[in-house]
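J.: You'll find upload_5.txt just under this line, and it carries compact mmCIF, N, CA and C atoms.
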```
# COMPACT_ATOMS: atom_id res chain seq x y z
N MET N 1 4.42 -57.81 13.21
CA MET N 1 5.12 -57.63 11.98
C MET N 1 6.32 -56.73 12.23
N VAL N 2 7.47 -57.15 11.77
CA VAL N 2 8.72 -56.45 12.02
C VAL N 2 9.33 -56.01 10.70
N LEU N 3 9.64 -54.73 10.60
CA LEU N 3 10.32 -54.17 9.44
C LEU N 3 11.81 -54.35 9.67
N THR N 4 12.48 -55.06 8.78
CA THR N 4 13.91 -55.32 8.96
C THR N 4 14.80 -54.45 8.08
N ASP N 5 14.28 -53.96 6.95
CA ASP N 5 15.07 -53.09 6.08
C ASP N 5 14.12 -52.31 5.18
N PRO N 6 14.15 -50.98 5.22
CA PRO N 6 13.24 -50.21 4.37
C PRO N 6 13.66 -50.16 2.91
N GLY N 7 14.87 -50.57 2.61
CA GLY N 7 15.34 -50.52 1.22
C GLY N 7 15.69 -49.09 0.82
N VAL N 8 15.67 -48.83 -0.47
CA VAL N 8 16.06 -47.51 -0.96
C VAL N 8 14.87 -46.56 -1.08
N ARG N 9 13.67 -47.08 -1.03
CA ARG N 9 12.46 -46.24 -1.17
C ARG N 9 11.88 -45.93 0.22
N VAL N 10 12.65 -45.26 1.04
CA VAL N 10 12.28 -45.01 2.44
C VAL N 10 10.99 -44.19 2.53
N LEU N 11 10.82 -43.19 1.70
CA LEU N 11 9.61 -42.37 1.76
C LEU N 11 8.38 -43.19 1.39
N ASP N 12 8.49 -44.06 0.39
CA ASP N 12 7.36 -44.93 0.03
C ASP N 12 7.02 -45.87 1.18
N VAL N 13 8.04 -46.41 1.83
CA VAL N 13 7.82 -47.28 2.99
C VAL N 13 7.16 -46.50 4.11
N ALA N 14 7.63 -45.27 4.34
CA ALA N 14 7.04 -44.44 5.40
C ALA N 14 5.57 -44.14 5.12
N GLN N 15 5.22 -43.95 3.86
CA GLN N 15 3.82 -43.69 3.52
C GLN N 15 2.96 -44.92 3.77
N VAL N 16 3.48 -46.11 3.50
CA VAL N 16 2.73 -47.33 3.78
C VAL N 16 2.59 -47.52 5.29
N VAL N 17 3.67 -47.29 6.03
CA VAL N 17 3.62 -47.39 7.49
C VAL N 17 2.60 -46.39 8.04
N ARG N 18 2.57 -45.21 7.48
CA ARG N 18 1.58 -44.20 7.90
C ARG N 18 0.17 -44.70 7.68
N ARG N 19 -0.08 -45.27 6.53
CA ARG N 19 -1.41 -45.79 6.21
C ARG N 19 -1.80 -46.93 7.15
N LEU N 20 -0.84 -47.78 7.50
CA LEU N 20 -1.12 -48.93 8.35
C LEU N 20 -1.32 -48.55 9.81
N THR N 21 -0.56 -47.56 10.29
CA THR N 21 -0.56 -47.26 11.72
C THR N 21 -1.33 -46.01 12.10
N GLY N 22 -1.50 -45.10 11.17
CA GLY N 22 -2.15 -43.84 11.50
C GLY N 22 -1.20 -42.81 12.09
N LEU N 23 0.08 -43.11 12.10
CA LEU N 23 1.08 -42.16 12.60
C LEU N 23 1.27 -41.04 11.60
N SER N 24 1.89 -39.95 12.03
CA SER N 24 2.22 -38.87 11.11
C SER N 24 3.31 -39.37 10.14
N LEU N 25 3.46 -38.66 9.05
CA LEU N 25 4.48 -39.04 8.07
C LEU N 25 5.87 -38.97 8.69
N TRP N 26 6.13 -37.94 9.51
CA TRP N 26 7.44 -37.80 10.15
C TRP N 26 7.72 -38.98 11.06
N ARG N 27 6.77 -39.35 11.93
CA ARG N 27 6.96 -40.48 12.84
C ARG N 27 7.06 -41.80 12.07
N SER N 28 6.32 -41.92 10.99
CA SER N 28 6.40 -43.13 10.16
C SER N 28 7.78 -43.27 9.55
N LYS N 29 8.36 -42.15 9.10
CA LYS N 29 9.71 -42.20 8.53
C LYS N 29 10.73 -42.57 9.59
N VAL N 30 10.59 -42.03 10.79
CA VAL N 30 11.50 -42.37 11.89
C VAL N 30 11.39 -43.86 12.19
N LEU N 31 10.17 -44.37 12.28
CA LEU N 31 9.96 -45.79 12.54
C LEU N 31 10.55 -46.65 11.44
N ALA N 32 10.40 -46.23 10.19
CA ALA N 32 10.90 -47.01 9.06
C ALA N 32 12.42 -47.04 8.99
N THR N 33 13.07 -46.03 9.54
CA THR N 33 14.53 -45.98 9.45
C THR N 33 15.22 -46.56 10.68
N GLN N 34 14.51 -46.79 11.76
CA GLN N 34 15.09 -47.38 12.96
C GLN N 34 14.75 -48.86 13.00
N VAL N 35 15.47 -49.63 12.23
CA VAL N 35 15.17 -51.06 12.10
C VAL N 35 16.06 -51.89 12.99
N PRO N 36 15.64 -53.03 13.45
CA PRO N 36 14.33 -53.62 13.22
C PRO N 36 13.26 -52.89 14.03
N ALA N 37 12.10 -52.71 13.44
CA ALA N 37 11.03 -51.96 14.08
C ALA N 37 9.74 -52.76 14.05
N LEU N 38 9.08 -52.83 15.19
CA LEU N 38 7.77 -53.46 15.27
C LEU N 38 6.77 -52.46 14.74
N VAL N 39 6.14 -52.80 13.61
CA VAL N 39 5.20 -51.89 12.98
C VAL N 39 3.79 -52.15 13.50
N LEU N 40 3.37 -53.39 13.48
CA LEU N 40 2.05 -53.77 13.98
C LEU N 40 2.21 -54.93 14.94
N GLY N 41 1.53 -54.87 16.03
CA GLY N 41 1.57 -55.97 16.99
C GLY N 41 0.17 -56.26 17.47
N GLY N 42 -0.10 -57.52 17.72
CA GLY N 42 -1.40 -57.91 18.24
C GLY N 42 -2.53 -57.80 17.24
N VAL N 43 -2.23 -57.97 15.97
CA VAL N 43 -3.26 -57.92 14.94
C VAL N 43 -3.53 -59.33 14.42
N PRO N 44 -4.71 -59.56 13.86
CA PRO N 44 -4.99 -60.89 13.29
C PRO N 44 -4.01 -61.23 12.16
N GLN N 45 -3.82 -62.51 11.94
CA GLN N 45 -2.88 -63.00 10.94
C GLN N 45 -3.21 -62.46 9.54
N GLU N 46 -4.48 -62.34 9.21
CA GLU N 46 -4.87 -61.84 7.88
C GLU N 46 -4.43 -60.39 7.70
N ASP N 47 -4.60 -59.58 8.74
CA ASP N 47 -4.19 -58.18 8.66
C ASP N 47 -2.68 -58.05 8.55
N ALA N 48 -1.97 -58.89 9.31
CA ALA N 48 -0.51 -58.87 9.24
C ALA N 48 -0.02 -59.28 7.86
N ALA N 49 -0.67 -60.28 7.26
CA ALA N 49 -0.27 -60.72 5.92
C ALA N 49 -0.52 -59.62 4.89
N ALA N 50 -1.62 -58.91 5.01
CA ALA N 50 -1.92 -57.81 4.08
C ALA N 50 -0.91 -56.68 4.26
N ALA N 51 -0.52 -56.39 5.50
CA ALA N 51 0.47 -55.34 5.75
C ALA N 51 1.83 -55.72 5.20
N VAL N 52 2.22 -56.98 5.36
CA VAL N 52 3.49 -57.47 4.82
C VAL N 52 3.49 -57.32 3.31
N LEU N 53 2.41 -57.69 2.67
CA LEU N 53 2.31 -57.57 1.21
C LEU N 53 2.44 -56.12 0.77
N ALA N 54 1.77 -55.21 1.48
CA ALA N 54 1.83 -53.79 1.12
C ALA N 54 3.25 -53.25 1.26
N LEU N 55 3.96 -53.66 2.30
CA LEU N 55 5.33 -53.18 2.47
C LEU N 55 6.29 -53.82 1.48
N ARG N 56 6.07 -55.06 1.13
CA ARG N 56 6.94 -55.71 0.14
C ARG N 56 6.72 -55.13 -1.25
N GLU N 57 5.54 -54.58 -1.52
CA GLU N 57 5.28 -53.95 -2.82
C GLU N 57 6.16 -52.71 -3.02
N VAL N 58 6.57 -52.07 -1.91
CA VAL N 58 7.46 -50.91 -2.02
C VAL N 58 8.90 -51.31 -1.70
N GLU N 59 9.18 -52.60 -1.83
CA GLU N 59 10.52 -53.18 -1.75
C GLU N 59 11.15 -53.12 -0.36
N ALA N 60 10.33 -53.14 0.69
CA ALA N 60 10.85 -53.22 2.05
C ALA N 60 11.00 -54.68 2.44
N GLN N 61 11.94 -54.96 3.31
CA GLN N 61 12.08 -56.32 3.85
C GLN N 61 11.36 -56.36 5.18
N VAL N 62 10.40 -57.25 5.27
CA VAL N 62 9.55 -57.31 6.45
C VAL N 62 9.20 -58.77 6.73
N GLU N 63 8.93 -59.08 7.98
CA GLU N 63 8.58 -60.46 8.34
C GLU N 63 7.52 -60.44 9.43
N THR N 64 6.75 -61.49 9.48
CA THR N 64 5.79 -61.64 10.56
C THR N 64 6.39 -62.59 11.58
N ARG N 65 6.11 -62.30 12.82
CA ARG N 65 6.59 -63.15 13.91
C ARG N 65 5.41 -63.53 14.77
N GLU N 66 5.33 -64.79 15.07
CA GLU N 66 4.27 -65.29 15.94
C GLU N 66 4.57 -64.86 17.37
N GLN N 67 3.61 -64.23 18.00
CA GLN N 67 3.81 -63.84 19.39
C GLN N 67 3.33 -64.98 20.28
N PRO N 68 4.15 -65.39 21.21
CA PRO N 68 3.74 -66.49 22.08
C PRO N 68 2.59 -66.06 23.00
N GLU N 69 1.77 -67.02 23.33
CA GLU N 69 0.66 -66.77 24.24
C GLU N 69 1.23 -66.58 25.65
N PRO N 70 0.77 -65.56 26.36
CA PRO N 70 1.28 -65.36 27.72
C PRO N 70 1.00 -66.56 28.62
N GLU N 71 1.90 -66.80 29.54
CA GLU N 71 1.80 -67.95 30.43
C GLU N 71 0.51 -67.93 31.26
N PHE N 72 0.08 -66.76 31.70
CA PHE N 72 -1.08 -66.73 32.58
C PHE N 72 -2.37 -67.10 31.85
N LEU N 73 -2.39 -67.07 30.53
CA LEU N 73 -3.58 -67.48 29.79
C LEU N 73 -3.65 -68.99 29.56
N LYS N 74 -2.58 -69.69 29.81
CA LYS N 74 -2.53 -71.12 29.53
C LYS N 74 -3.20 -71.94 30.62
N TYR N 75 -3.44 -71.36 31.77
CA TYR N 75 -3.99 -72.13 32.89
C TYR N 75 -5.47 -71.97 33.00
```
In structure tokens, write the structure found in this file.

T.:
Amino acid sequence: MVLTDPGVRVLDVAQVVRRLTGLSLWRSKVLATQVPALVLGGVPQEDAAAAVLALREVEAQVETREQPEPEFLKY
């Protein structure tokens, strides 16, 4: 899940990022303001969808990106 724009409610976005990642509020705010930022990676699709919904509720622009399967796992 990639945060592309925190919008005008940066502190609200930072609080959601904190809840999702377990980072401190200060680090969450830094992550929220340095966009585009990978917030969650390697999580199940359901968890990513719930995180996207939570961030969109505080008016952040966020998107999920499918991570390609590594080549060495295909053989």

J.: Hey, what's within 6.5 Å of range 13-15 of chain N if we count all atoms listed in the file and toss same-chain stuff fewer than 3 positions away? As a list of chain:residue names, please?

T.: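 So the residues in contact are N:Pro6, N:Arg9, N:Val10, N:Arg18, N:Arg19, N:Leu20, N:Leu25, N:Ser28, N:Lys29, N:Ala32, N:Leu55, N:Val58.
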
J.: Quick one: pick out all helix (DSSP H, G or I) residues within chain N from a backbone DSSP run and write them as a count of residues only.

T.: 37

J.: Among the residues of range 2-74 of chain N, find those DSSP assigns to strand (DSSP E or B) from the backbone and print them as a list in words.

T.: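 Matching residues, listed in order: Val2, Leu3, Thr4, Asp5, Ala37, Leu38, Gln61, Val62 and Glu63 of chain N.
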
J.: Figure out the distance between CA of Asp5 in chain N and CA of Pro44 in chain N, please, to one decimal in Å.

T.: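 Going from CA of Pro44 in chain N over to CA of Asp5 in chain N covers 22.7 Å.
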
J.: Which one of N:Thr33, N:Val8, N:Met1, N:Ser24 sits closest to Ala49 in chain N if you count only C-alpha atoms?

T.: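 Selected residue with least distance to Ala49 in chain N: N:Met1.
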
J.: Leaving out Ala50 in chain N and any residue of its chain fewer than 6 positions from it, which residues lie within 12 Å of it when counting only C-alpha atoms, given as number ranges by chain?

T.: N: 1, 16, 20, 40, 43-44, 56-57, 62-64

J.: Rounded to one decimal, what separation in Å do you get between atom N of Ala60 in chain N and atom C of Val2 in chain N?

T.: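 Answer for the atom N of Ala60 in chain N to atom C of Val2 in chain N separation: 10.5 Å.
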
J.: Between CA of Leu38 in chain N and CA of Phe72 in chain N, what distance in Å does the model show, to one decimal?

T.: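 Between CA of Leu38 in chain N and CA of Phe72 in chain N the gap works out to 23.5 Å.
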